[in-house]
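Asker: Have a look at this one.
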Amino acid sequence: MKAFISTTSFLKPQNAAAKALAESFFDEVTYNELGVPLKGDEILSRLEGCDAYIAGVDYITADVIEKMPQSVKVISRYGVGVDRVDLAAAKARGITVTNTPGANSTSVCELAFALMLAAARNIPQLHEAVSRGEWPRSEGMELAGKTLGIVGMGAIGKRLAVRAKAFEMDVMAYDPYFDEAFAAEHGIKRMELDDLLRAANVISLHVPLNDSTRHMIDAARIAEMQDGAIVINTARGGLIDEAAAAEAIRSGKLGGLGLDAFEQEPLVDSPLKDLPHVIFTPHTGAHTGEAVAKMGMMSVENAIAVLKGEPCRFILK
Ligand code: NAD
């Protein structure tokens, strides 16, 4: 059997065990020598004769899936998000799609927390100023006693909630599939989305990107937020209307933005660039040694389980 692994993290030492497992199961394994997320023919030309496609954040559109070789039985996503995989097209072709939920949740949650702290205290801006030889006074905000609104209380949102409680924040959450037992155990208040956005001092997004969540943070909703609210997005670009958010930073309505995900990645041209109180990271939430190792191992195990016809808990419908 043959596998193509497009995730460039497989070439890191943390993924040595996952790579060894793949190379012991498959007769041939090829890797993504381009080192970037793949599109169209870049994917198709590398899948010839493959049974498994272990995929990073490639653009696996309906067109690509329809043209995939018959040999491909499983697309094993390394990561959680499947917004770049056309699940309906995969289903129509009889290709199983899996992902690695939970493997990177702690890493992403810790980045969200880091962005919250950095935005509350303007850490990157102060670092830049001190590096330039300046010694500015800065007016920050304590997180203790503030209200954190978590939109999407899944694997990452729950971890963030627990950490925020330890920081003495009041935590509220919105999720259509709200986990009442978890909320009761950790003292998290259930809210409707618009009420949460109106009440929170810090809002952190942890939902998938789909037609119902695209631009869920738009000009109208920002207008209803607390003055000086901080918005953190480590989920997906497209959840925030970036032009509206940029305008709200310029007007002072929003106090800060901490962003790891963008409508267009990499961030080349954006209304958010060169604005104060906006902190960028390059979609790096899952990039820790621990998450890389867990995602690598799970993505290989999922592909092998599907090909062997064994039970796999992470098949997407
Ligand atoms: P998850 O599936 O465990 O949780 C998502 C939660 O969102 C679920 O509880 C679901 O019920 C809820 N939800 C769905 N639609 C909603 C809506 N319209 N409003 C509110 N809640 C809604 O996923 P997760 O592992 O916690 O991941 C959350 C997000 O983080 C995803 O978008 C994922 O793609 C993204 N992510 C980003 C990185 C990164 O590198 N920055 C890494 C991993 C995951």
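By order of appearance in the structure tokens: chains A, B, ..., then residues from 1 within every chain, and ligands from 1 in the order shown.
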Just asking: which residues within region 77-295 of chain A are strand (DSSP E) according to DSSP, as a ChimeraX atom specification?

Answerer: /A:77,96-98,147-151,170-174,189-190,202-205,229-233,254-259,278-280

Asker: Those selected residues, please, written with C-alpha atoms and delivered as a PDB file, in the first residue's frame.

Answerer:
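Heads up, here's the output in result_28.pdb:
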ATOM      1  CA  ARG A  77      -6.797  15.073   8.180  1.00  0.00           C
ATOM      2  CA  THR A  96     -13.553   8.044   4.235  1.00  0.00           C
ATOM      3  CA  VAL A  97     -12.460  11.298   5.924  1.00  0.00           C
ATOM      4  CA  THR A  98     -11.012  11.297   9.449  1.00  0.00           C
ATOM      5  CA  THR A 147     -16.060  38.538  31.796  1.00  0.00           C
ATOM      6  CA  LEU A 148     -14.837  36.075  29.205  1.00  0.00           C
ATOM      7  CA  GLY A 149     -17.350  35.044  26.553  1.00  0.00           C
ATOM      8  CA  ILE A 150     -16.463  31.756  24.875  1.00  0.00           C
ATOM      9  CA  VAL A 151     -18.173  31.141  21.545  1.00  0.00           C
ATOM     10  CA  ASP A 170     -16.299  35.248  35.072  1.00  0.00           C
ATOM     11  CA  VAL A 171     -16.835  32.806  32.249  1.00  0.00           C
ATOM     12  CA  MET A 172     -19.883  32.541  30.016  1.00  0.00           C
ATOM     13  CA  ALA A 173     -20.309  30.459  26.885  1.00  0.00           C
ATOM     14  CA  TYR A 174     -22.542  29.977  23.879  1.00  0.00           C
ATOM     15  CA  LYS A 189     -22.875  30.567  32.590  1.00  0.00           C
ATOM     16  CA  ARG A 190     -24.913  29.561  29.548  1.00  0.00           C
ATOM     17  CA  VAL A 202     -13.075  39.456  26.233  1.00  0.00           C
ATOM     18  CA  ILE A 203     -14.583  37.256  23.514  1.00  0.00           C
ATOM     19  CA  SER A 204     -12.809  34.148  22.271  1.00  0.00           C
ATOM     20  CA  LEU A 205     -13.982  32.230  19.193  1.00  0.00           C
ATOM     21  CA  ALA A 229     -13.826  44.703  24.212  1.00  0.00           C
ATOM     22  CA  ILE A 230     -11.016  42.376  23.151  1.00  0.00           C
ATOM     23  CA  VAL A 231     -11.745  39.721  20.520  1.00  0.00           C
ATOM     24  CA  ILE A 232      -9.549  36.635  20.141  1.00  0.00           C
ATOM     25  CA  ASN A 233      -9.755  34.335  17.131  1.00  0.00           C
ATOM     26  CA  LEU A 254     -12.677  47.468  20.119  1.00  0.00           C
ATOM     27  CA  GLY A 255      -9.817  47.531  22.602  1.00  0.00           C
ATOM     28  CA  GLY A 256      -7.810  44.800  20.946  1.00  0.00           C
ATOM     29  CA  LEU A 257      -7.731  41.881  18.575  1.00  0.00           C
ATOM     30  CA  GLY A 258      -5.636  38.745  18.957  1.00  0.00           C
ATOM     31  CA  LEU A 259      -5.711  36.750  15.735  1.00  0.00           C
ATOM     32  CA  VAL A 278      -3.932  44.169  16.842  1.00  0.00           C
ATOM     33  CA  ILE A 279      -1.768  41.110  17.466  1.00  0.00           C
ATOM     34  CA  PHE A 280      -1.100  38.526  14.782  1.00  0.00           C
TER      35      PHE A 280
END

Asker: So which residues are near ligand 1, meaning at most 9 Å away with only C-alpha atoms and all ligand atoms counted, given back as an NGL selection string?

Answerer: :A and (79-83 or 100-105 or 107-109 or 111-112 or 150-159 or 173-179 or 193 or 205-210 or 212-213 or 216 or 233-237 or 239 or 259-261 or 282-287)

Asker: Of the candidates A:Leu143, A:Ala184, A:Ala200, A:Ala305, which shows the shortest atom-to-atom distance to Glu168 (chain A), using only C-alpha atoms?

Answerer: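 Between A:Leu143, A:Ala184, A:Ala200, A:Ala305, the residue approaching Glu168 (chain A) most closely is A:Leu143.
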
Asker: Find, counting only C-alpha atoms, the residue in A:Ile60, A:Leu316, A:Leu267, A:Leu126 that gets nearest to Ile43 (chain A).

Answerer: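 Going through A:Ile60, A:Leu316, A:Leu267, A:Leu126 one by one, the smallest distance to Ile43 (chain A) is for A:Ile60.
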
Asker: Find, counting only C-alpha atoms, the residue in A:Val300, A:Val64, A:Ala293, A:Ala181 that gets nearest to Ser45 (chain A).

Answerer: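 Under the stated criterion, the closest residue is A:Val64.
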